[in-house]
$ cat run26.pdb   # PDB, C-alpha atoms, pLDDT in the B column
ATOM      1  CA  MET A   1     -22.093   4.912  32.358  1.00 44.00           C
ATOM      2  CA  ILE A   2     -21.703   1.330  33.567  1.00 47.00           C
ATOM      3  CA  ASN A   3     -24.704   0.221  31.511  1.00 52.00           C
ATOM      4  CA  ALA A   4     -23.279   1.900  28.405  1.00 48.00           C
ATOM      5  CA  ALA A   5     -19.928   0.172  28.888  1.00 47.00           C
ATOM      6  CA  LYS A   6     -21.676  -3.156  29.412  1.00 50.00           C
ATOM      7  CA  ALA A   7     -23.738  -2.651  26.256  1.00 50.00           C
ATOM      8  CA  LYS A   8     -20.602  -1.983  24.225  1.00 59.00           C
ATOM      9  CA  SER A   9     -18.906  -5.086  25.623  1.00 61.00           C
ATOM     10  CA  CYS A  10     -21.875  -7.188  24.458  1.00 73.00           C
ATOM     11  CA  GLU A  11     -21.957  -5.780  20.913  1.00 84.00           C
ATOM     12  CA  THR A  12     -21.637  -8.084  17.959  1.00 92.00           C
ATOM     13  CA  PRO A  13     -18.749  -7.204  15.618  1.00 90.00           C
ATOM     14  CA  ALA A  14     -21.208  -5.896  13.022  1.00 90.00           C
ATOM     15  CA  ALA A  15     -23.021  -3.739  15.582  1.00 93.00           C
ATOM     16  CA  LYS A  16     -19.701  -2.280  16.702  1.00 92.00           C
ATOM     17  CA  GLN A  17     -18.760  -1.427  13.129  1.00 93.00           C
ATOM     18  CA  ARG A  18     -22.158   0.171  12.545  1.00 95.00           C
ATOM     19  CA  ARG A  19     -21.734   2.337  15.655  1.00 95.00           C
ATOM     20  CA  VAL A  20     -18.204   3.367  14.671  1.00 93.00           C
ATOM     21  CA  TRP A  21     -19.157   4.290  11.109  1.00 94.00           C
ATOM     22  CA  ASP A  22     -22.346   6.114  12.120  1.00 95.00           C
ATOM     23  CA  LYS A  23     -20.189   8.279  14.397  1.00 95.00           C
ATOM     24  CA  THR A  24     -17.499   8.781  11.749  1.00 94.00           C
ATOM     25  CA  ALA A  25     -19.835   9.575   8.853  1.00 96.00           C
ATOM     26  CA  PRO A  26     -20.069  13.386   9.193  1.00 95.00           C
ATOM     27  CA  SER A  27     -16.285  13.834   9.083  1.00 95.00           C
ATOM     28  CA  TYR A  28     -15.345  10.877   6.886  1.00 95.00           C
ATOM     29  CA  ASP A  29     -15.017  12.670   3.546  1.00 95.00           C
ATOM     30  CA  LYS A  30     -12.720  15.335   4.967  1.00 93.00           C
ATOM     31  CA  GLN A  31     -10.553  12.754   6.764  1.00 91.00           C
ATOM     32  CA  ILE A  32     -10.229  10.298   3.884  1.00 93.00           C
ATOM     33  CA  ALA A  33      -9.509  13.021   1.310  1.00 91.00           C
ATOM     34  CA  PHE A  34      -6.129  13.669   2.951  1.00 89.00           C
ATOM     35  CA  PHE A  35      -5.150   9.993   2.982  1.00 87.00           C
ATOM     36  CA  GLU A  36      -6.311   9.518  -0.590  1.00 90.00           C
ATOM     37  CA  ARG A  37      -3.981  12.280  -1.755  1.00 89.00           C
ATOM     38  CA  ILE A  38      -0.895  10.854  -0.067  1.00 91.00           C
ATOM     39  CA  GLN A  39      -1.534   7.095  -0.094  1.00 93.00           C
ATOM     40  CA  PHE A  40      -4.417   5.973  -2.317  1.00 95.00           C
ATOM     41  CA  GLY A  41      -4.113   8.381  -5.226  1.00 93.00           C
ATOM     42  CA  GLY A  42      -5.578   6.980  -8.445  1.00 95.00           C
ATOM     43  CA  GLY A  43      -7.071   3.973  -6.677  1.00 96.00           C
ATOM     44  CA  ARG A  44     -10.708   4.864  -7.170  1.00 97.00           C
ATOM     45  CA  GLU A  45     -10.104   5.703 -10.813  1.00 97.00           C
ATOM     46  CA  TRP A  46      -8.392   2.285 -11.201  1.00 98.00           C
ATOM     47  CA  LEU A  47     -11.490   0.553  -9.834  1.00 98.00           C
ATOM     48  CA  GLY A  48     -13.905   2.532 -11.973  1.00 98.00           C
ATOM     49  CA  ALA A  49     -11.957   1.891 -15.169  1.00 98.00           C
ATOM     50  CA  ARG A  50     -12.361  -1.873 -14.675  1.00 98.00           C
ATOM     51  CA  ALA A  51     -15.994  -1.976 -13.546  1.00 98.00           C
ATOM     52  CA  ARG A  52     -18.482  -3.342 -16.069  1.00 98.00           C
ATOM     53  CA  GLY A  53     -22.211  -4.029 -16.338  1.00 98.00           C
ATOM     54  CA  ARG A  54     -24.176  -4.621 -13.161  1.00 98.00           C
ATOM     55  CA  VAL A  55     -21.885  -3.335 -10.399  1.00 98.00           C
ATOM     56  CA  LEU A  56     -22.249  -4.056  -6.695  1.00 99.00           C
ATOM     57  CA  GLU A  57     -20.151  -1.925  -4.367  1.00 98.00           C
ATOM     58  CA  ILE A  58     -19.630  -3.480  -0.948  1.00 98.00           C
ATOM     59  CA  ALA A  59     -19.390  -0.956   1.912  1.00 98.00           C
ATOM     60  CA  ILE A  60     -20.100   1.938  -0.430  1.00 98.00           C
ATOM     61  CA  GLY A  61     -19.675   4.396   2.441  1.00 97.00           C
ATOM     62  CA  THR A  62     -20.330   7.971   1.400  1.00 98.00           C
ATOM     63  CA  GLY A  63     -20.197   7.097  -2.295  1.00 98.00           C
ATOM     64  CA  ARG A  64     -16.699   8.309  -3.129  1.00 98.00           C
ATOM     65  CA  ASN A  65     -16.360   5.824  -5.999  1.00 98.00           C
ATOM     66  CA  LEU A  66     -19.528   6.990  -7.752  1.00 98.00           C
ATOM     67  CA  PRO A  67     -17.880   9.613 -10.011  1.00 97.00           C
ATOM     68  CA  HIS A  68     -15.563   6.971 -11.463  1.00 98.00           C
ATOM     69  CA  TYR A  69     -17.986   4.295 -12.655  1.00 98.00           C
ATOM     70  CA  PRO A  70     -18.820   4.121 -16.369  1.00 97.00           C
ATOM     71  CA  ALA A  71     -21.969   6.016 -17.267  1.00 96.00           C
ATOM     72  CA  GLU A  72     -23.533   2.866 -18.699  1.00 97.00           C
ATOM     73  CA  ALA A  73     -22.946   0.781 -15.554  1.00 98.00           C
ATOM     74  CA  THR A  74     -25.859  -0.074 -13.274  1.00 98.00           C
ATOM     75  CA  VAL A  75     -24.654   0.537  -9.718  1.00 98.00           C
ATOM     76  CA  VAL A  76     -25.969  -1.035  -6.525  1.00 98.00           C
ATOM     77  CA  GLY A  77     -24.393  -0.206  -3.169  1.00 98.00           C
ATOM     78  CA  ILE A  78     -24.614  -1.827   0.233  1.00 98.00           C
ATOM     79  CA  GLU A  79     -23.454  -0.248   3.483  1.00 98.00           C
ATOM     80  CA  LEU A  80     -23.721  -1.185   7.149  1.00 97.00           C
ATOM     81  CA  SER A  81     -24.050   2.416   8.375  1.00 97.00           C
ATOM     82  CA  SER A  82     -27.280   4.299   7.712  1.00 97.00           C
ATOM     83  CA  ALA A  83     -25.468   7.593   8.379  1.00 98.00           C
ATOM     84  CA  MET A  84     -22.944   6.838   5.652  1.00 98.00           C
ATOM     85  CA  LEU A  85     -25.777   5.869   3.295  1.00 98.00           C
ATOM     86  CA  ASP A  86     -27.500   9.208   3.848  1.00 98.00           C
ATOM     87  CA  ILE A  87     -24.371  10.976   2.606  1.00 98.00           C
ATOM     88  CA  ALA A  88     -24.019   8.554  -0.322  1.00 98.00           C
ATOM     89  CA  ARG A  89     -27.583   9.365  -1.404  1.00 98.00           C
ATOM     90  CA  GLN A  90     -26.758  13.062  -1.413  1.00 98.00           C
ATOM     91  CA  HIS A  91     -23.555  12.469  -3.384  1.00 97.00           C
ATOM     92  CA  ALA A  92     -25.489  10.420  -5.934  1.00 98.00           C
ATOM     93  CA  ALA A  93     -28.078  13.185  -6.253  1.00 98.00           C
ATOM     94  CA  ASP A  94     -25.340  15.805  -6.706  1.00 98.00           C
ATOM     95  CA  LEU A  95     -23.836  13.674  -9.482  1.00 97.00           C
ATOM     96  CA  ASP A  96     -27.282  12.995 -11.006  1.00 97.00           C
ATOM     97  CA  ARG A  97     -26.328   9.323 -10.791  1.00 97.00           C
ATOM     98  CA  ALA A  98     -28.957   6.611 -10.337  1.00 96.00           C
ATOM     99  CA  VAL A  99     -27.770   4.241  -7.585  1.00 98.00           C
ATOM    100  CA  ASP A 100     -29.731   1.542  -5.765  1.00 98.00           C
ATOM    101  CA  LEU A 101     -28.574   1.784  -2.135  1.00 98.00           C
ATOM    102  CA  HIS A 102     -29.201  -0.809   0.580  1.00 98.00           C
ATOM    103  CA  GLU A 103     -28.406  -0.981   4.276  1.00 98.00           C
ATOM    104  CA  GLY A 104     -26.893  -4.375   5.001  1.00 97.00           C
ATOM    105  CA  ASP A 105     -23.966  -6.568   6.009  1.00 97.00           C
ATOM    106  CA  ALA A 106     -21.159  -7.571   3.625  1.00 97.00           C
ATOM    107  CA  GLU A 107     -21.066 -10.985   5.302  1.00 98.00           C
ATOM    108  CA  GLN A 108     -24.742 -11.664   4.506  1.00 97.00           C
ATOM    109  CA  LEU A 109     -25.543 -10.033   1.192  1.00 98.00           C
ATOM    110  CA  PRO A 110     -29.285  -9.732   0.424  1.00 98.00           C
ATOM    111  CA  PHE A 111     -28.849 -10.591  -3.256  1.00 98.00           C
ATOM    112  CA  ASP A 112     -29.395 -13.715  -5.333  1.00 98.00           C
ATOM    113  CA  ASP A 113     -26.565 -15.851  -6.653  1.00 98.00           C
ATOM    114  CA  ALA A 114     -24.947 -14.625  -9.877  1.00 98.00           C
ATOM    115  CA  SER A 115     -26.630 -11.204  -9.755  1.00 98.00           C
ATOM    116  CA  PHE A 116     -23.690  -8.960 -10.693  1.00 99.00           C
ATOM    117  CA  ASP A 117     -21.010  -8.624 -13.356  1.00 98.00           C
ATOM    118  CA  THR A 118     -18.629  -6.710 -11.070  1.00 99.00           C
ATOM    119  CA  VAL A 119     -18.159  -6.494  -7.312  1.00 99.00           C
ATOM    120  CA  VAL A 120     -16.106  -3.608  -5.912  1.00 98.00           C
ATOM    121  CA  CYS A 121     -14.809  -3.172  -2.371  1.00 98.00           C
ATOM    122  CA  ALA A 122     -12.596  -0.203  -1.519  1.00 98.00           C
ATOM    123  CA  LEU A 123     -10.834   0.440   1.803  1.00 97.00           C
ATOM    124  CA  SER A 124     -13.285  -1.773   3.662  1.00 97.00           C
ATOM    125  CA  LEU A 125     -12.025  -5.362   3.994  1.00 97.00           C
ATOM    126  CA  CYS A 126      -9.592  -3.932   6.551  1.00 96.00           C
ATOM    127  CA  THR A 127     -12.555  -3.414   8.893  1.00 96.00           C
ATOM    128  CA  ILE A 128     -15.074  -6.102   7.927  1.00 96.00           C
ATOM    129  CA  PRO A 129     -15.002  -8.504  10.913  1.00 95.00           C
ATOM    130  CA  HIS A 130     -14.840 -11.752   8.920  1.00 96.00           C
ATOM    131  CA  PRO A 131     -13.241 -11.046   5.521  1.00 98.00           C
ATOM    132  CA  VAL A 132     -13.331 -14.700   4.442  1.00 98.00           C
ATOM    133  CA  LYS A 133     -17.128 -14.702   4.758  1.00 98.00           C
ATOM    134  CA  ALA A 134     -17.400 -11.395   2.921  1.00 98.00           C
ATOM    135  CA  ILE A 135     -15.231 -12.577   0.029  1.00 98.00           C
ATOM    136  CA  GLY A 136     -17.279 -15.769  -0.145  1.00 98.00           C
ATOM    137  CA  GLU A 137     -20.422 -13.670  -0.468  1.00 98.00           C
ATOM    138  CA  MET A 138     -18.796 -11.543  -3.164  1.00 98.00           C
ATOM    139  CA  LYS A 139     -18.047 -14.698  -5.128  1.00 98.00           C
ATOM    140  CA  ARG A 140     -21.576 -16.016  -4.646  1.00 98.00           C
ATOM    141  CA  VAL A 141     -23.281 -12.944  -6.105  1.00 98.00           C
ATOM    142  CA  LEU A 142     -20.937 -12.671  -9.089  1.00 98.00           C
ATOM    143  CA  VAL A 143     -21.795 -14.275 -12.410  1.00 98.00           C
ATOM    144  CA  PRO A 144     -19.274 -16.828 -13.709  1.00 98.00           C
ATOM    145  CA  GLY A 145     -16.540 -14.770 -15.304  1.00 98.00           C
ATOM    146  CA  GLY A 146     -17.512 -11.750 -13.179  1.00 98.00           C
ATOM    147  CA  ARG A 147     -14.921  -9.285 -11.885  1.00 98.00           C
ATOM    148  CA  LEU A 148     -13.831  -8.719  -8.291  1.00 99.00           C
ATOM    149  CA  LEU A 149     -12.090  -5.361  -7.781  1.00 98.00           C
ATOM    150  CA  LEU A 150     -10.431  -4.538  -4.455  1.00 98.00           C
ATOM    151  CA  LEU A 151      -8.470  -1.594  -3.081  1.00 98.00           C
ATOM    152  CA  ASP A 152      -7.129  -1.615   0.462  1.00 97.00           C
ATOM    153  CA  HIS A 153      -4.249  -0.852   2.786  1.00 97.00           C
ATOM    154  CA  ILE A 154      -2.283  -3.901   3.894  1.00 98.00           C
ATOM    155  CA  GLY A 155       0.790  -4.909   5.860  1.00 97.00           C
ATOM    156  CA  SER A 156       3.938  -3.299   4.457  1.00 98.00           C
ATOM    157  CA  THR A 157       6.777  -5.181   2.768  1.00 97.00           C
ATOM    158  CA  TRP A 158       9.203  -3.040   4.789  1.00 97.00           C
ATOM    159  CA  PRO A 159       9.738  -4.576   8.271  1.00 97.00           C
ATOM    160  CA  PRO A 160      10.054  -1.235  10.133  1.00 98.00           C
ATOM    161  CA  ILE A 161       6.772   0.021   8.669  1.00 97.00           C
ATOM    162  CA  TYR A 162       5.084  -3.327   9.299  1.00 98.00           C
ATOM    163  CA  ALA A 163       6.189  -3.150  12.935  1.00 98.00           C
ATOM    164  CA  VAL A 164       4.602   0.292  13.302  1.00 98.00           C
ATOM    165  CA  GLN A 165       1.400  -0.981  11.669  1.00 98.00           C
ATOM    166  CA  TRP A 166       1.308  -3.945  14.035  1.00 98.00           C
ATOM    167  CA  LEU A 167       1.696  -1.676  17.065  1.00 98.00           C
ATOM    168  CA  LEU A 168      -0.927   0.752  15.752  1.00 97.00           C
ATOM    169  CA  GLU A 169      -3.521  -1.939  15.257  1.00 97.00           C
ATOM    170  CA  ARG A 170      -3.189  -3.031  18.886  1.00 97.00           C
ATOM    171  CA  VAL A 171      -5.251   0.129  19.454  1.00 97.00           C
ATOM    172  CA  THR A 172      -7.299   0.404  16.262  1.00 96.00           C
ATOM    173  CA  ILE A 173      -8.632  -3.158  16.240  1.00 96.00           C
ATOM    174  CA  ARG A 174     -10.073  -2.718  19.707  1.00 93.00           C
ATOM    175  CA  ALA A 175     -11.369   0.806  19.103  1.00 92.00           C
ATOM    176  CA  ALA A 176     -12.721   0.558  15.568  1.00 92.00           C
ATOM    177  CA  GLY A 177     -12.078  -2.907  14.144  1.00 94.00           C
ATOM    178  CA  GLU A 178      -9.371  -1.434  11.891  1.00 95.00           C
ATOM    179  CA  HIS A 179      -6.623  -3.831  10.736  1.00 97.00           C
ATOM    180  CA  PHE A 180      -3.377  -2.587   9.199  1.00 97.00           C
ATOM    181  CA  THR A 181      -1.540  -5.883   8.645  1.00 97.00           C
ATOM    182  CA  ARG A 182      -4.294  -7.834   6.902  1.00 97.00           C
ATOM    183  CA  ARG A 183      -3.776  -8.833   3.295  1.00 97.00           C
ATOM    184  CA  GLN A 184      -6.743  -9.706   1.120  1.00 97.00           C
ATOM    185  CA  LEU A 185      -4.985 -11.283  -1.880  1.00 98.00           C
ATOM    186  CA  PRO A 186      -4.350 -14.703  -0.242  1.00 98.00           C
ATOM    187  CA  LEU A 187      -8.020 -14.816   0.814  1.00 98.00           C
ATOM    188  CA  VAL A 188      -9.122 -14.058  -2.741  1.00 98.00           C
ATOM    189  CA  ARG A 189      -6.985 -16.894  -4.072  1.00 98.00           C
ATOM    190  CA  ALA A 190      -8.175 -19.276  -1.346  1.00 98.00           C
ATOM    191  CA  ALA A 191     -11.795 -18.492  -2.311  1.00 98.00           C
ATOM    192  CA  GLY A 192     -11.105 -19.845  -5.799  1.00 98.00           C
ATOM    193  CA  PHE A 193     -10.838 -16.604  -7.765  1.00 98.00           C
ATOM    194  CA  GLU A 194      -8.451 -16.297 -10.701  1.00 98.00           C
ATOM    195  CA  VAL A 195      -6.221 -13.273 -10.067  1.00 98.00           C
ATOM    196  CA  VAL A 196      -5.538 -11.457 -13.320  1.00 98.00           C
ATOM    197  CA  GLU A 197      -3.989  -8.184 -12.137  1.00 98.00           C
ATOM    198  CA  THR A 198      -2.436  -6.838  -8.950  1.00 98.00           C
ATOM    199  CA  GLU A 199      -0.552  -3.707  -7.982  1.00 97.00           C
ATOM    200  CA  ARG A 200       1.240  -3.163  -4.667  1.00 97.00           C
ATOM    201  CA  LEU A 201       2.251   0.411  -3.901  1.00 97.00           C
ATOM    202  CA  LYS A 202       3.530   2.769  -1.201  1.00 96.00           C
ATOM    203  CA  ALA A 203       6.151   0.529   0.433  1.00 96.00           C
ATOM    204  CA  GLY A 204       3.774  -2.371  -0.013  1.00 97.00           C
ATOM    205  CA  THR A 205       1.057  -0.805   2.151  1.00 97.00           C
ATOM    206  CA  VAL A 206      -1.546  -0.436  -0.610  1.00 97.00           C
ATOM    207  CA  GLU A 207      -2.814  -3.183  -2.895  1.00 98.00           C
ATOM    208  CA  ARG A 208      -5.157  -3.238  -5.867  1.00 98.00           C
ATOM    209  CA  VAL A 209      -6.609  -6.577  -6.958  1.00 98.00           C
ATOM    210  CA  HIS A 210      -8.517  -7.544 -10.094  1.00 98.00           C
ATOM    211  CA  ALA A 211      -9.746 -11.142  -9.997  1.00 98.00           C
ATOM    212  CA  ILE A 212     -12.246 -13.230 -11.938  1.00 98.00           C
ATOM    213  CA  LYS A 213     -14.801 -15.784 -10.752  1.00 98.00           C
ATOM    214  CA  PRO A 214     -14.089 -18.959 -12.720  1.00 97.00           C
ATOM    215  CA  THR A 215     -16.566 -19.935 -15.416  1.00 94.00           C
TER     216      THR A 215
END

$ encode --input "run26.pdb" --output "structure tokens"
Amino acid sequence: MINAAKAKSCETPAAKQRRVWDKTAPSYDKQIAFFERIQFGGGREWLGARARGRVLEIAIGTGRNLPHYPAEATVVGIELSSAMLDIARQHAADLDRAVDLHEGDAEQLPFDDASFDTVVCALSLCTIPHPVKAIGEMKRVLVPGGRLLLLDHIGSTWPPIYAVQWLLERVTIRAAGEHFTRRQLPLVRAAGFEVVETERLKAGTVERVHAIKPT
């Protein structure tokens, strides 16, 4: 027991996230389906409608975005958790959708510069340990003029809700690396993207971002 606790305390942030998501994988689809109905409804369809060409999905998870991509798009997915990837492969097979899936870290993408026309990241920058690094990698692998499409929960515009989120993440950051008051849009702008479309919903707790890598 002591050795297990010591091992956890020595984990890198990425290793911790991998452990958390491997454990969560079997129940993830059932859990997230509820939250998608009440909070993120239409978000995955919004992403899919804007995806074009060679698409890279960061933290593809169990593949819940796969039904919404255009049939002509070429989809590549990367995911830290092998257990989540196993489910994504099955979802892709059920959909008869060709997807190139890779196990890897969003902060160190194993792809060449300017490899993709679109990069998608849904409900994941809230848990990626270093979002600035991840967004920098997203920019690197996009072609000039390529699209960055994000969907995530963020800190509310309503102070009482924000206060609850702040209190909640005192627990969730330590337990699972989950942030509720992060906001990705300022990081996207700071990385040099041109923001062309945003939507902020549900008392400001959900944001959709469509940005372009400058040519």

$ resolve_selection --input "run26.pdb" --expression "the PyMOL selection byres ((chain A and resi 196) around 8)" --output "list of chain:residue names"
A:Glu194, A:Val195, A:Glu197, A:Thr198, A:His210, A:Ala211, A:Ile212

$ residues_around --input "run26.pdb" --residues "A:Ala25" --least-positions-apart "3" --cutoff "7 Å" --atoms "only C-alpha atoms" --output "ChimeraX atom specification"
/A:21-22,28,83-84

$ atom_distance --input "run26.pdb" --atom1 "atom CA of A:Arg147" --atom2 "atom CA of A:Ala114"
11.5 Å

$ resolve_selection --input "run26.pdb" --expression "the PyMOL selection byres ((chain A and resi 155-164) around 9)" --output "list in words"
His153, Ile154, Gln165, Trp166, Leu167, Leu168, Glu169, His179, Phe180, Thr181, Arg182, Arg183, Lys202, Ala203, Gly204, Thr205 and Val206 of chain A

$ write_last_selection --input "run26.pdb" --atoms "C-alpha atoms" --output "JSON list (two decimals), in the frame of the given file"
[["chain", "number", "residue", "atom", "x", "y", "z"],
["A", 153, "HIS", "CA", -4.25, -0.85, 2.79],
["A", 154, "ILE", "CA", -2.28, -3.90, 3.89],
["A", 165, "GLN", "CA", 1.40, -0.98, 11.67],
["A", 166, "TRP", "CA", 1.31, -3.94, 14.04],
["A", 167, "LEU", "CA", 1.70, -1.68, 17.07],
["A", 168, "LEU", "CA", -0.93, 0.75, 15.75],
["A", 169, "GLU", "CA", -3.52, -1.94, 15.26],
["A", 179, "HIS", "CA", -6.62, -3.83, 10.74],
["A", 180, "PHE", "CA", -3.38, -2.59, 9.20],
["A", 181, "THR", "CA", -1.54, -5.88, 8.64],
["A", 182, "ARG", "CA", -4.29, -7.83, 6.90],
["A", 183, "ARG", "CA", -3.78, -8.83, 3.30],
["A", 202, "LYS", "CA", 3.53, 2.77, -1.20],
["A", 203, "ALA", "CA", 6.15, 0.53, 0.43],
["A", 204, "GLY", "CA", 3.77, -2.37, -0.01],
["A", 205, "THR", "CA", 1.06, -0.80, 2.15],
["A", 206, "VAL", "CA", -1.55, -0.44, -0.61]]

$ closest_residue --input "run26.pdb" --among "A:Pro67, A:Gly41, A:Gly177, A:Gly53" --to "A:His130" --atoms "all atoms listed in the file"
A:Gly177

$ residues_around --input "run26.pdb" --residues "A:Ala71" --least-positions-apart "2" --cutoff "12 Å" --atoms "all atoms listed in the file" --output "PyMOL selection string"
chain A and resi 48-49+51-55+66-69+73-75+95-99

$ closest_residue --input "run26.pdb" --among "A:Ile38, A:Ala176, A:Val188, A:Ile78" --to "A:Arg19" --atoms "all atoms listed in the file"
A:Ala176

$ residues_around --input "run26.pdb" --residues "A:Gly136" --least-positions-apart "2" --cutoff "12 Å" --atoms "only C-alpha atoms" --output "number ranges by chain"
A: 106-109, 113, 119, 130-134, 138-142, 148, 187-193, 213

$ atom_distance --input "run26.pdb" --atom1 "atom CA of A:Ile60" --atom2 "atom CA of A:Glu199"
21.7 Å

$ resolve_selection --input "run26.pdb" --expression "the PyMOL selection byres ((chain A and resi 14) around 8)" --output "ChimeraX atom specification"
/A:11-13,15-18,80,105,128-129

$ atom_distance --input "run26.pdb" --atom1 "atom CA of A:Leu101" --atom2 "atom CA of A:Leu151"
20.4 Å

$ residues_around --input "run26.pdb" --residues "A:Arg64" --least-positions-apart "6" --cutoff "9 Å" --atoms "all atoms listed in the file" --output "MDAnalysis selection string"
chainID A and resid 29 44 88 91

$ write_last_selection --input "run26.pdb" --atoms "C-alpha atoms" --output "PDB file, in the frame of the given file"
ATOM      1  CA  ASP A  29     -15.017  12.670   3.546  1.00 95.00           C
ATOM      2  CA  ARG A  44     -10.708   4.864  -7.170  1.00 97.00           C
ATOM      3  CA  ALA A  88     -24.019   8.554  -0.322  1.00 98.00           C
ATOM      4  CA  HIS A  91     -23.555  12.469  -3.384  1.00 97.00           C
TER       5      HIS A  91
END

$ closest_residue --input "run26.pdb" --among "A:Lys23, A:His102, A:Arg174, A:Arg208" --to "A:Leu150" --atoms "all atoms listed in the file"
A:Arg208

$ residues_around --input "run26.pdb" --residues "A:Pro26" --least-positions-apart "5" --cutoff "12 Å" --atoms "all atoms listed in the file" --output "list of chain:residue names"
A:Val20, A:Trp21, A:Gln31, A:Ile32, A:Gly61, A:Thr62, A:Ser81, A:Ser82, A:Ala83, A:Met84, A:Leu85, A:Asp86, A:Ile87, A:Ala88

$ build_atoms --input "run26.pdb" --residues "stretch 95-108 of chain A" --atoms "N, CA, C and O atoms" --output "mmCIF file, in the frame of the given file"
data_model
loop_
_atom_site.group_PDB
_atom_site.id
_atom_site.type_symbol
_atom_site.label_atom_id
_atom_site.label_comp_id
_atom_site.auth_asym_id
_atom_site.auth_seq_id
_atom_site.Cartn_x
_atom_site.Cartn_y
_atom_site.Cartn_z
ATOM 1 N N LEU A 95 -24.432 14.150 -8.237
ATOM 2 C CA LEU A 95 -23.836 13.674 -9.482
ATOM 3 C C LEU A 95 -24.894 13.350 -10.538
ATOM 4 O O LEU A 95 -24.539 13.027 -11.672
ATOM 5 N N ASP A 96 -26.177 13.404 -10.140
ATOM 6 C CA ASP A 96 -27.282 12.995 -11.006
ATOM 7 C C ASP A 96 -27.069 11.560 -11.479
ATOM 8 O O ASP A 96 -27.262 11.216 -12.641
ATOM 9 N N ARG A 97 -26.648 10.719 -10.511
ATOM 10 C CA ARG A 97 -26.328 9.323 -10.791
ATOM 11 C C ARG A 97 -27.369 8.427 -10.134
ATOM 12 O O ARG A 97 -27.587 8.497 -8.918
ATOM 13 N N ALA A 98 -27.996 7.565 -10.902
ATOM 14 C CA ALA A 98 -28.957 6.611 -10.337
ATOM 15 C C ALA A 98 -28.186 5.481 -9.655
ATOM 16 O O ALA A 98 -27.372 4.802 -10.289
ATOM 17 N N VAL A 99 -28.430 5.296 -8.358
ATOM 18 C CA VAL A 99 -27.770 4.241 -7.585
ATOM 19 C C VAL A 99 -28.815 3.607 -6.679
ATOM 20 O O VAL A 99 -29.591 4.305 -6.020
ATOM 21 N N ASP A 100 -28.821 2.292 -6.637
ATOM 22 C CA ASP A 100 -29.731 1.542 -5.765
ATOM 23 C C ASP A 100 -28.980 1.218 -4.473
ATOM 24 O O ASP A 100 -28.088 0.366 -4.473
ATOM 25 N N LEU A 101 -29.320 1.903 -3.391
ATOM 26 C CA LEU A 101 -28.574 1.784 -2.135
ATOM 27 C C LEU A 101 -29.345 0.958 -1.117
ATOM 28 O O LEU A 101 -30.557 1.109 -0.952
ATOM 29 N N HIS A 102 -28.613 0.092 -0.409
ATOM 30 C CA HIS A 102 -29.201 -0.809 0.580
ATOM 31 C C HIS A 102 -28.398 -0.753 1.871
ATOM 32 O O HIS A 102 -27.156 -0.700 1.841
ATOM 33 N N GLU A 103 -29.085 -0.810 2.998
ATOM 34 C CA GLU A 103 -28.406 -0.981 4.276
ATOM 35 C C GLU A 103 -28.284 -2.480 4.541
ATOM 36 O O GLU A 103 -29.281 -3.208 4.493
ATOM 37 N N GLY A 104 -27.071 -2.941 4.799
ATOM 38 C CA GLY A 104 -26.893 -4.375 5.001
ATOM 39 C C GLY A 104 -25.456 -4.729 5.310
ATOM 40 O O GLY A 104 -24.556 -3.884 5.329
ATOM 41 N N ASP A 105 -25.229 -6.024 5.530
ATOM 42 C CA ASP A 105 -23.966 -6.568 6.009
ATOM 43 C C ASP A 105 -23.239 -7.271 4.867
ATOM 44 O O ASP A 105 -23.821 -8.120 4.182
ATOM 45 N N ALA A 106 -21.958 -6.954 4.677
ATOM 46 C CA ALA A 106 -21.159 -7.571 3.625
ATOM 47 C C ALA A 106 -21.022 -9.073 3.803
ATOM 48 O O ALA A 106 -20.759 -9.798 2.834
ATOM 49 N N GLU A 107 -21.206 -9.555 5.033
ATOM 50 C CA GLU A 107 -21.066 -10.985 5.302
ATOM 51 C C GLU A 107 -22.360 -11.760 5.061
ATOM 52 O O GLU A 107 -22.358 -12.997 5.101
ATOM 53 N N GLN A 108 -23.444 -11.043 4.786
ATOM 54 C CA GLN A 108 -24.742 -11.664 4.506
ATOM 55 C C GLN A 108 -25.464 -10.821 3.457
ATOM 56 O O GLN A 108 -26.429 -10.125 3.754
#
